[in-house]
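Content type compact mmCIF, C-alpha atoms and all ligand atoms, from the file final34.txt:
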# COMPACT_ATOMS: atom_id res chain seq x y z
CA MET A 27 25.29 -26.25 95.90
CA GLN A 28 29.00 -27.06 96.06
CA GLY A 29 30.57 -29.57 98.40
CA ARG A 30 30.90 -28.39 102.02
CA LYS A 31 33.81 -29.09 104.30
CA ILE A 32 33.12 -30.97 107.53
CA ASN A 33 36.79 -31.26 108.46
CA ASP A 34 40.13 -31.48 106.62
CA SER A 35 39.37 -35.02 105.46
CA VAL A 36 35.59 -35.13 105.11
CA CYS A 37 33.41 -33.16 102.73
CA TRP A 38 29.60 -33.19 102.36
CA MET A 39 28.43 -33.66 98.81
CA GLY A 40 25.12 -34.53 97.23
CA ALA A 41 21.97 -32.64 96.44
CA VAL A 42 19.21 -30.83 98.27
CA ASP A 43 15.91 -31.68 96.58
CA TRP A 44 13.75 -28.71 97.58
CA ASN A 45 10.80 -29.53 95.36
CA ARG A 46 10.33 -33.26 95.75
CA ARG A 47 6.93 -33.89 97.29
CA LEU A 48 6.55 -37.67 97.15
CA PHE A 49 8.86 -40.60 97.85
CA ASP A 50 8.25 -44.16 96.63
CA SER A 51 5.08 -42.73 95.02
CA LEU A 52 3.68 -43.03 98.55
CA ILE A 53 5.33 -40.92 101.22
CA PRO A 54 4.56 -37.18 101.34
CA LEU A 55 7.63 -34.95 101.61
CA PRO A 56 6.23 -31.60 102.80
CA ASP A 57 9.75 -30.27 103.40
CA GLY A 58 11.59 -31.84 100.44
CA THR A 59 14.66 -33.95 101.14
CA SER A 60 18.38 -34.27 100.48
CA TYR A 61 20.62 -37.06 99.22
CA ASN A 62 23.90 -36.75 101.07
CA ALA A 63 27.19 -38.24 99.93
CA TYR A 64 30.45 -37.81 101.83
CA LEU A 65 33.95 -37.67 100.40
CA VAL A 66 36.56 -39.05 102.81
CA ARG A 67 40.23 -38.52 101.94
CA GLY A 68 43.09 -40.45 103.48
CA SER A 69 46.75 -39.93 102.64
CA GLU A 70 46.63 -42.84 100.19
CA LYS A 71 43.05 -43.55 99.20
CA THR A 72 39.81 -41.66 98.75
CA ALA A 73 36.30 -42.96 99.37
CA LEU A 74 32.89 -41.59 98.50
CA ILE A 75 30.20 -42.76 100.90
CA ASP A 76 26.79 -43.14 99.23
CA SER A 77 25.83 -41.11 96.16
CA ALA A 78 22.58 -39.40 95.18
CA ASP A 79 19.24 -39.96 93.51
CA PRO A 80 19.73 -40.40 89.74
CA ALA A 81 17.60 -37.29 89.13
CA LYS A 82 20.36 -35.27 90.82
CA SER A 83 23.39 -37.01 89.30
CA ASP A 84 24.47 -33.80 87.52
CA VAL A 85 24.77 -31.99 90.87
CA LEU A 86 26.99 -34.68 92.35
CA LEU A 87 29.13 -35.02 89.24
CA ASN A 88 29.68 -31.24 89.15
CA GLN A 89 30.80 -31.31 92.77
CA LEU A 90 33.30 -34.02 91.90
CA ASP A 91 34.90 -31.91 89.17
CA GLY A 92 38.51 -31.61 90.20
CA ILE A 93 38.51 -34.85 92.20
CA ALA A 94 40.81 -36.86 89.98
CA ARG A 95 40.65 -40.16 91.78
CA ILE A 96 38.21 -42.09 93.91
CA ASP A 97 39.23 -45.57 95.02
CA TYR A 98 36.16 -46.73 96.91
CA LEU A 99 32.47 -46.07 96.37
CA VAL A 100 30.90 -47.17 99.64
CA ALA A 101 27.26 -48.22 99.15
CA ASN A 102 25.70 -48.36 102.60
CA HIS A 103 22.34 -49.16 101.01
CA ALA A 104 21.23 -50.42 97.60
CA GLU A 105 18.11 -48.24 97.30
CA GLN A 106 18.43 -45.99 94.29
CA ASP A 107 18.21 -42.65 96.09
CA HIS A 108 21.70 -43.47 97.41
CA SER A 109 23.08 -45.95 94.91
CA GLY A 110 21.54 -44.47 91.78
CA CYS A 111 24.67 -42.64 90.58
CA LEU A 112 27.04 -45.57 91.05
CA SER A 113 27.10 -46.60 87.38
CA LEU A 114 27.99 -43.05 86.33
CA LEU A 115 30.64 -42.85 89.04
CA LEU A 116 32.17 -46.17 87.99
CA GLU A 117 32.43 -44.76 84.47
CA LYS A 118 33.98 -41.52 85.70
CA TYR A 119 36.43 -43.35 87.95
CA PRO A 120 37.49 -46.55 86.12
CA GLY A 121 39.83 -47.54 88.96
CA ALA A 122 37.09 -47.32 91.60
CA ILE A 123 35.42 -50.27 93.27
CA VAL A 124 32.06 -50.41 95.04
CA VAL A 125 32.14 -51.49 98.70
CA SER A 126 29.00 -53.11 100.12
CA THR A 127 27.66 -55.86 102.34
CA PRO A 128 27.50 -59.33 100.73
CA LYS A 129 23.70 -59.02 100.61
CA ALA A 130 23.87 -55.67 98.83
CA LYS A 131 26.18 -57.03 96.15
CA GLY A 132 23.48 -59.01 94.35
CA MET A 133 20.97 -56.19 94.81
CA LEU A 134 23.30 -53.58 93.29
CA SER A 135 23.98 -55.90 90.44
CA ASP A 136 20.28 -56.65 89.86
CA LEU A 137 18.99 -53.10 90.36
CA LEU A 138 21.73 -51.15 88.60
CA GLY A 139 23.45 -53.66 86.35
CA ILE A 140 26.79 -53.15 88.11
CA SER A 141 29.30 -55.88 87.27
CA GLU A 142 29.98 -58.08 90.29
CA GLN A 143 33.71 -57.80 89.49
CA ARG A 144 33.52 -54.16 90.51
CA ILE A 145 31.94 -54.83 93.90
CA MET A 146 34.01 -55.68 96.98
CA THR A 147 32.04 -57.05 99.91
CA VAL A 148 32.87 -56.32 103.53
CA GLU A 149 31.99 -58.29 106.61
CA ASP A 150 30.56 -56.85 109.79
CA GLY A 151 33.34 -55.04 111.68
CA GLN A 152 35.79 -55.16 108.75
CA THR A 153 37.97 -52.09 108.27
CA LEU A 154 39.42 -50.36 105.25
CA ALA A 155 42.53 -48.20 105.58
CA LEU A 156 42.68 -45.00 103.52
CA GLY A 157 45.99 -43.82 104.97
CA GLY A 158 45.61 -42.18 108.37
CA LYS A 159 41.85 -42.67 108.09
CA THR A 160 40.06 -45.95 108.72
CA LEU A 161 36.57 -46.91 107.66
CA GLU A 162 34.83 -49.53 109.78
CA PHE A 163 31.75 -51.21 108.35
CA ILE A 164 28.93 -51.95 110.77
CA HIS A 165 26.25 -54.22 109.39
CA THR A 166 22.87 -52.84 110.43
CA PRO A 167 20.33 -55.02 108.63
CA TRP A 168 16.73 -53.85 108.22
CA VAL A 169 17.26 -50.13 108.60
CA HIS A 170 15.33 -50.45 106.43
CA TRP A 171 16.29 -53.05 103.80
CA PRO A 172 17.97 -56.37 104.62
CA GLU A 173 21.36 -55.31 103.21
CA THR A 174 21.88 -52.00 105.03
CA MET A 175 25.09 -51.01 106.83
CA CYS A 176 26.65 -47.95 108.44
CA THR A 177 30.25 -46.79 107.93
CA TYR A 178 32.22 -45.44 110.89
CA LEU A 179 35.25 -43.23 110.43
CA GLN A 180 37.31 -44.30 113.40
CA GLU A 181 39.76 -41.40 113.73
CA ASP A 182 37.02 -38.74 113.61
CA GLY A 183 34.18 -40.61 115.34
CA ILE A 184 31.81 -39.92 112.44
CA LEU A 185 29.03 -42.42 111.77
CA PHE A 186 27.79 -42.37 108.18
CA SER A 187 24.39 -43.88 108.80
CA CYS A 188 22.60 -43.60 105.42
CA ASP A 189 18.81 -43.84 106.08
CA PHE A 190 19.29 -44.64 109.80
CA PHE A 191 18.67 -41.36 111.76
CA GLY A 192 17.80 -39.61 108.48
CA SER A 193 15.22 -36.90 107.91
CA HIS A 194 13.46 -35.76 104.78
CA LEU A 195 14.31 -32.10 105.09
CA ALA A 196 15.61 -29.70 102.47
CA THR A 197 17.74 -27.04 104.14
CA THR A 198 20.92 -25.05 103.63
CA ASP A 199 21.94 -25.98 107.18
CA LEU A 200 24.81 -28.45 107.02
CA TYR A 201 24.30 -29.24 110.71
CA VAL A 202 21.15 -29.34 112.84
CA VAL A 203 20.27 -25.74 113.67
CA ASP A 204 16.49 -25.78 114.03
CA GLN A 205 16.21 -28.72 116.39
CA ALA A 206 12.39 -28.71 116.50
CA ALA A 207 12.11 -28.84 112.69
CA VAL A 208 14.65 -31.65 112.45
CA TYR A 209 12.96 -33.57 115.28
CA GLU A 210 9.62 -33.44 113.42
CA ALA A 211 11.21 -34.48 110.10
CA ALA A 212 13.26 -37.27 111.70
CA LYS A 213 10.23 -38.58 113.59
CA ARG A 214 8.21 -38.56 110.37
CA TYR A 215 11.06 -40.46 108.70
CA TYR A 216 11.24 -42.99 111.53
CA ALA A 217 7.45 -43.46 111.52
CA GLU A 218 7.15 -44.04 107.80
CA ILE A 219 10.34 -45.98 107.10
CA MET A 220 11.80 -47.47 110.27
CA MET A 221 8.91 -48.15 112.67
CA PRO A 222 8.02 -51.59 111.23
CA PHE A 223 11.55 -52.72 112.20
CA ARG A 224 11.52 -51.35 115.75
CA SER A 225 12.89 -54.46 117.45
CA VAL A 226 15.79 -54.90 115.02
CA ILE A 227 16.52 -51.17 115.18
CA ARG A 228 16.91 -51.56 118.92
CA LYS A 229 19.71 -54.09 118.33
CA ASN A 230 21.33 -51.94 115.66
CA LEU A 231 21.16 -48.88 117.88
CA ALA A 232 23.02 -50.74 120.62
CA LYS A 233 25.56 -51.87 118.04
CA VAL A 234 26.38 -48.39 116.74
CA GLU A 235 26.33 -46.91 120.25
CA ALA A 236 29.18 -49.24 121.19
CA HIS A 237 31.30 -46.84 119.10
CA GLN A 238 32.38 -43.44 120.25
CA ILE A 239 30.15 -41.29 118.07
CA LYS A 240 31.04 -37.63 117.82
CA MET A 241 28.94 -36.91 114.76
CA ILE A 242 26.21 -38.69 112.79
CA ALA A 243 26.17 -37.96 109.08
CA PRO A 244 23.02 -39.47 107.56
CA SER A 245 22.27 -39.57 103.85
CA HIS A 246 19.04 -37.55 104.21
CA GLY A 247 18.76 -34.28 106.12
CA PRO A 248 21.29 -32.31 108.14
CA VAL A 249 24.32 -33.71 109.97
CA TYR A 250 24.04 -34.24 113.73
CA ASP A 251 27.07 -32.52 115.24
CA ARG A 252 25.49 -33.18 118.66
CA PRO A 253 24.40 -36.79 118.11
CA GLY A 254 22.87 -37.19 121.58
CA PHE A 255 19.81 -35.34 120.28
CA ILE A 256 18.86 -37.97 117.69
CA LEU A 257 20.12 -40.95 119.72
CA ASP A 258 17.85 -39.92 122.61
CA ALA A 259 14.92 -39.48 120.23
CA TYR A 260 15.44 -42.94 118.73
CA ARG A 261 15.70 -44.50 122.20
CA ASP A 262 12.34 -42.95 123.04
CA TRP A 263 10.65 -44.00 119.78
CA ILE A 264 11.83 -47.62 119.88
CA SER A 265 11.10 -48.12 123.58
CA ASP A 266 8.08 -50.18 124.62
CA ALA A 267 6.60 -47.22 126.49
CA VAL A 268 3.36 -45.79 125.08
CA LYS A 269 1.81 -42.43 125.88
CA ASN A 270 -1.60 -41.40 127.14
CA GLU A 271 -2.69 -40.60 123.59
CA VAL A 272 -5.38 -41.75 121.16
CA VAL A 273 -5.08 -41.59 117.38
CA LEU A 274 -8.48 -41.20 115.76
CA PRO A 275 -8.48 -41.44 111.94
CA TYR A 276 -12.00 -41.22 110.53
CA ILE A 277 -14.19 -40.45 107.54
CA SER A 278 -17.71 -39.07 107.59
CA MET A 279 -20.06 -38.97 104.60
CA HIS A 280 -23.20 -37.29 105.94
CA GLY A 281 -22.10 -36.11 109.38
CA SER A 282 -23.03 -39.01 111.68
CA THR A 283 -19.51 -40.38 112.13
CA GLN A 284 -18.25 -36.79 112.39
CA LYS A 285 -20.61 -36.17 115.34
CA MET A 286 -19.45 -39.38 116.98
CA ALA A 287 -15.79 -38.52 116.49
CA ASP A 288 -16.31 -35.01 117.85
CA HIS A 289 -18.16 -36.35 120.89
CA LEU A 290 -15.46 -38.94 121.59
CA VAL A 291 -12.69 -36.33 121.26
CA GLY A 292 -14.44 -34.16 123.87
CA ALA A 293 -15.08 -37.11 126.16
CA LEU A 294 -11.47 -38.26 126.02
CA ALA A 295 -10.06 -34.75 126.45
CA GLY A 296 -12.34 -34.31 129.47
CA ARG A 297 -10.77 -37.43 130.95
CA GLY A 298 -7.25 -36.15 130.41
CA VAL A 299 -6.47 -38.20 127.29
CA LYS A 300 -4.72 -36.46 124.40
CA VAL A 301 -6.33 -37.12 121.00
CA HIS A 302 -4.86 -36.82 117.50
CA LEU A 303 -7.85 -36.49 115.16
CA PHE A 304 -7.40 -37.09 111.42
CA ASP A 305 -10.12 -36.54 108.84
CA LEU A 306 -8.84 -38.93 106.19
CA THR A 307 -10.18 -36.79 103.34
CA VAL A 308 -7.53 -34.15 104.11
CA THR A 309 -4.90 -35.99 106.17
CA ASP A 310 -1.18 -35.98 105.42
CA ILE A 311 -0.47 -39.67 106.11
CA GLY A 312 2.95 -38.71 107.44
CA LYS A 313 1.27 -36.82 110.29
CA LEU A 314 -0.87 -39.86 111.00
CA ALA A 315 2.25 -42.05 111.04
CA ILE A 316 4.00 -39.65 113.46
CA ALA A 317 1.04 -39.79 115.86
CA LEU A 318 1.18 -43.60 115.78
CA VAL A 319 4.77 -43.65 117.11
CA ASP A 320 3.78 -42.95 120.72
CA ALA A 321 0.03 -43.52 121.10
CA ALA A 322 -1.44 -46.22 123.32
CA THR A 323 -4.73 -46.46 121.44
CA ILE A 324 -6.19 -46.17 117.95
CA VAL A 325 -9.89 -45.60 117.36
CA ILE A 326 -10.94 -45.93 113.73
CA GLY A 327 -14.08 -44.09 112.62
CA THR A 328 -15.99 -45.10 109.51
CA PRO A 329 -19.36 -44.75 107.84
CA THR A 330 -20.71 -47.75 105.94
CA VAL A 331 -20.32 -48.00 102.16
CA HIS A 332 -21.76 -51.08 100.43
CA PHE A 333 -22.07 -52.81 103.82
CA GLY A 334 -18.40 -52.22 104.68
CA ALA A 335 -15.87 -49.65 105.81
CA HIS A 336 -15.14 -46.59 103.65
CA PRO A 337 -12.23 -47.27 101.21
CA ALA A 338 -10.14 -44.49 102.79
CA VAL A 339 -10.50 -46.28 106.13
CA TYR A 340 -9.31 -49.49 104.48
CA TYR A 341 -6.22 -47.60 103.33
CA ALA A 342 -5.50 -46.04 106.73
CA SER A 343 -6.06 -49.36 108.52
CA HIS A 344 -3.75 -51.17 106.09
CA LEU A 345 -1.11 -48.48 106.62
CA ALA A 346 -1.36 -48.66 110.43
CA ASN A 347 -1.08 -52.45 110.23
CA ALA A 348 2.00 -52.25 107.98
CA LEU A 349 3.77 -49.69 110.19
CA ARG A 350 3.35 -51.94 113.27
CA PRO A 351 3.20 -49.17 115.89
CA LYS A 352 3.42 -50.15 119.55
CA LEU A 353 -0.30 -49.60 120.18
CA ARG A 354 -1.91 -51.50 123.05
CA TYR A 355 -5.63 -50.87 122.43
CA ALA A 356 -7.96 -50.35 119.47
CA SER A 357 -11.61 -49.63 118.90
CA ILE A 358 -13.96 -48.75 116.07
CA ILE A 359 -16.76 -46.22 115.89
CA GLY A 360 -19.06 -45.41 113.01
CA SER A 361 -22.45 -45.40 111.43
CA TYR A 362 -24.61 -47.30 108.98
CA GLY A 363 -28.00 -47.01 107.32
CA TRP A 364 -29.38 -50.54 107.30
CA GLY A 365 -26.53 -52.96 108.00
CA THR A 366 -22.73 -53.07 108.31
CA LYS A 367 -19.81 -55.44 108.39
CA ALA A 368 -17.32 -52.61 109.03
CA ILE A 369 -16.21 -53.88 112.46
CA GLU A 370 -15.25 -57.35 111.22
CA GLN A 371 -13.60 -55.88 108.11
CA ILE A 372 -11.45 -53.38 110.01
CA ALA A 373 -10.51 -55.91 112.68
CA GLY A 374 -9.39 -58.23 109.87
CA LEU A 375 -7.16 -55.50 108.42
CA ILE A 376 -5.00 -55.02 111.52
CA PRO A 377 -3.62 -58.46 112.49
CA ASN A 378 -0.11 -57.04 113.08
CA LEU A 379 -1.36 -54.78 115.84
CA LYS A 380 -1.16 -56.76 119.05
CA VAL A 381 -4.00 -54.83 120.61
CA GLU A 382 -6.92 -55.43 122.91
CA ILE A 383 -10.09 -54.43 121.06
CA ILE A 384 -12.25 -52.26 123.28
CA GLU A 385 -16.02 -52.56 122.62
CA PRO A 386 -16.78 -50.71 119.36
CA VAL A 387 -19.66 -48.27 119.00
CA MET A 388 -21.68 -48.43 115.78
CA CYS A 389 -24.73 -46.26 115.31
CA ARG A 390 -27.68 -46.71 112.93
CA SER A 391 -28.57 -43.42 111.28
CA CYS A 392 -27.79 -40.29 113.35
CA PRO A 393 -26.22 -40.53 116.81
CA GLN A 394 -28.75 -40.00 119.60
CA CYS A 395 -28.41 -40.06 123.40
CA GLU A 396 -27.84 -43.81 123.51
CA THR A 397 -24.88 -43.61 121.10
CA LEU A 398 -23.37 -40.63 122.91
CA ALA A 399 -23.63 -42.54 126.18
CA ALA A 400 -21.89 -45.53 124.56
CA LEU A 401 -19.11 -43.21 123.40
CA ASP A 402 -18.75 -41.87 126.95
CA LYS A 403 -18.41 -45.47 128.11
CA LEU A 404 -15.74 -46.06 125.46
CA ALA A 405 -13.89 -42.95 126.69
CA ASP A 406 -14.11 -44.32 130.26
CA ALA A 407 -12.69 -47.67 129.14
CA ILE A 408 -9.80 -46.01 127.30
CA ALA A 409 -9.01 -43.59 130.15
CA ASP A 410 -9.07 -46.46 132.68
CA ARG A 411 -6.63 -48.51 130.65
CA HIS A 412 -4.36 -45.53 130.04
CA ALA A 413 -4.31 -44.77 133.76
CA LYS A 414 -2.69 -48.18 134.28
CA LEU A 415 0.01 -47.76 131.63
FE1 LIG A 501 16.97 -43.24 101.42
FE2 LIG A 501 16.08 -46.48 101.77
O1 LIG A 501 16.66 -44.98 100.87
Output the file's structure in the form of structure tokens.
Ligand code: FEO
Amino acid sequence: MQGRKINDSVCWMGAVDWNRRLFDSLIPLPDGTSYNAYLVRGSEKTALIDSADPAKSDVLLNQLDGIARIDYLVANHAEQDHSGCLSLLLEKYPGAIVVSTPKAKGMLSDLLGISEQRIMTVEDGQTLALGGKTLEFIHTPWVHWPETMCTYLQEDGILFSCDFFGSHLATTDLYVVDQAAVYEAAKRYYAEIMMPFRSVIRKNLAKVEAHQIKMIAPSHGPVYDRPGFILDAYRDWISDAVKNEVVLPYISMHGSTQKMADHLVGALAGRGVKVHLFDLTVTDIGKLAIALVDAATIVIGTPTVHFGAHPAVYYASHLANALRPKLRYASIIGSYGWGTKAIEQIAGLIPNLKVEIIEPVMCRSCPQCETLAALDKLADAIADRHAKL
């Protein structure tokens, strides 16, 4: 795809990666992604904001054919999906200099071998004149690395936000057209990448909102020409409010935990509580992460393997702990044959979740009336707490 004009001074560049299905060898990308770069031309100087993943360097370099001079290569973020073409660009444009936060300077040098002589650091709020166009650098640490910043084009009100507000979505739409699809992809992105930094994102959101933003141009996914849509979504996701929802990731080996999970889902639904049920043998962990953004409660379901929780439950519990969702309550259900330490193990895996543990329900062998009654009691306890949210 060739570069696409946003206005007379700003052009989208970069690559749409339709077929990428995994990021960081961890995060599923069901809808691919894009690596957006933006060329900003003033009357005297030209800047390229961010670059592209090294695997797509040929696409970016082709788009730059005919651009004889670039003065500034703005690196909002040192991660390689945005900085990975910088060495090639510095070769192509020998007069260019990289612009980054002081913290990013060492990282760019370490990760990419860029000479520190070719990196200019900018302080928070510093501006750079291009001739009739002014770039303002807004330090926004921890969205999602410590060195991250946004770049604001003052005359046009465009915020180049890099990962902040991004979405992993491959599309030919330059701007948000299918709002529901972008909402889902952006929420997935927030859940997997940004949620652990919710409190610092709140500060950074306030900081960027102090600017008059007419457009948000992230470095993944389509451009927000109506930025209120994504700003409202972020305000909702980072708020302390939780919803009347339960996330129930579980595994069943011989059907006992399955029966318990099914019974609990029915009991909660009957009490007006929405449940997101995830069989961990088939779950897209991105969907699980999305459900964790809003839910008030997590209930983890596990059978017993070698006296402990199933390994897939270990993984899901570790993930939930790392993502630090704003959950208020947690519980555990499951089964065992002759003995189990699953409750203690799972509780030990989620220290970051500042939750009240509601009485777990563990069942020896197959669930009978007594276990089903205990699950009803658990549903009562959850519904009562949710009613007071
Ligand atoms: Fe899209 Fe943190 O890189």
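Here atom CA of A:Lys131 stands at a distance of 12.6 Å from atom CA of A:Leu99.
From atom CA of A:Ala373 back to atom CA of A:Phe223, the distance works out to 22.3 Å.
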(message) With distances taken over all atoms listed in the file, which residue among A:Asn45, A:Ser245, A:Gln143, A:Gln89 lies nearest ligand LIG 501 (chain A)?
(response) A:Ser245
(request) Write out as a PyMOL selection string each polymer residue (protein, DNA or RNA) that has an atom no more than 6 Å from ligand LIG 501 (chain A), with only C-alpha atoms and all ligand atoms counted. (result) chain A and resi 105+107+189
For the residues in the current selection, export C-alpha atoms as a PDB file, in the frame of the given file.
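Result file follows (out.pdb):
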ATOM      1  CA  GLU A 105      18.110 -48.240  97.300  1.00  0.00           C
ATOM      2  CA  ASP A 107      18.210 -42.650  96.090  1.00  0.00           C
ATOM      3  CA  ASP A 189      18.810 -43.840 106.080  1.00  0.00           C
TER       4      ASP A 189
END
Using all atoms listed in the file, can you list as a PDB file with C-alpha atoms, in the frame of the given file the residues within 9 Å of (-18.6, -52.2, 106.1)?
ATOM      1  CA  THR A 328     -15.990 -45.100 109.510  1.00  0.00           C
ATOM      2  CA  PRO A 329     -19.360 -44.750 107.840  1.00  0.00           C
ATOM      3  CA  THR A 330     -20.710 -47.750 105.940  1.00  0.00           C
ATOM      4  CA  VAL A 331     -20.320 -48.000 102.160  1.00  0.00           C
ATOM      5  CA  HIS A 332     -21.760 -51.080 100.430  1.00  0.00           C
ATOM      6  CA  PHE A 333     -22.070 -52.810 103.820  1.00  0.00           C
ATOM      7  CA  GLY A 334     -18.400 -52.220 104.680  1.00  0.00           C
ATOM      8  CA  ALA A 335     -15.870 -49.650 105.810  1.00  0.00           C
ATOM      9  CA  HIS A 336     -15.140 -46.590 103.650  1.00  0.00           C
ATOM     10  CA  TYR A 362     -24.610 -47.300 108.980  1.00  0.00           C
ATOM     11  CA  GLY A 365     -26.530 -52.960 108.000  1.00  0.00           C
ATOM     12  CA  THR A 366     -22.730 -53.070 108.310  1.00  0.00           C
ATOM     13  CA  LYS A 367     -19.810 -55.440 108.390  1.00  0.00           C
ATOM     14  CA  ALA A 368     -17.320 -52.610 109.030  1.00  0.00           C
ATOM     15  CA  ILE A 369     -16.210 -53.880 112.460  1.00  0.00           C
ATOM     16  CA  GLU A 370     -15.250 -57.350 111.220  1.00  0.00           C
ATOM     17  CA  GLN A 371     -13.600 -55.880 108.110  1.00  0.00           C
ATOM     18  CA  ILE A 372     -11.450 -53.380 110.010  1.00  0.00           C
TER      19      ILE A 372
END
(message) Distance cut-off 12 Å, centre (-5.2, -43.0, 127.4) in file coordinates, counting all atoms listed in the file: which residues qualify? Return them as a ChimeraX atom specification.
(response) /A:268-273,291,293-302,320-325,353-356,404-415
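Between A:Gly281 and the candidates A:Gln205, A:Ser391, A:Asn102, A:Thr197, the tightest atom-to-atom separation, counting only C-alpha atoms, involves A:Ser391.
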(message) I'd like the neighbourhood of A:Asn62 as number ranges by chain, where a residue qualifies if any of its atoms comes within 6 Å (using all atoms listed in the file), though same-chain residues fewer than 4 positions away should be ignored.
(response) A: 39-40, 245-246
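Taking atom CA of A:Ala259 as the reference point, atom CA of A:Tyr216 is found at 10.1 Å.
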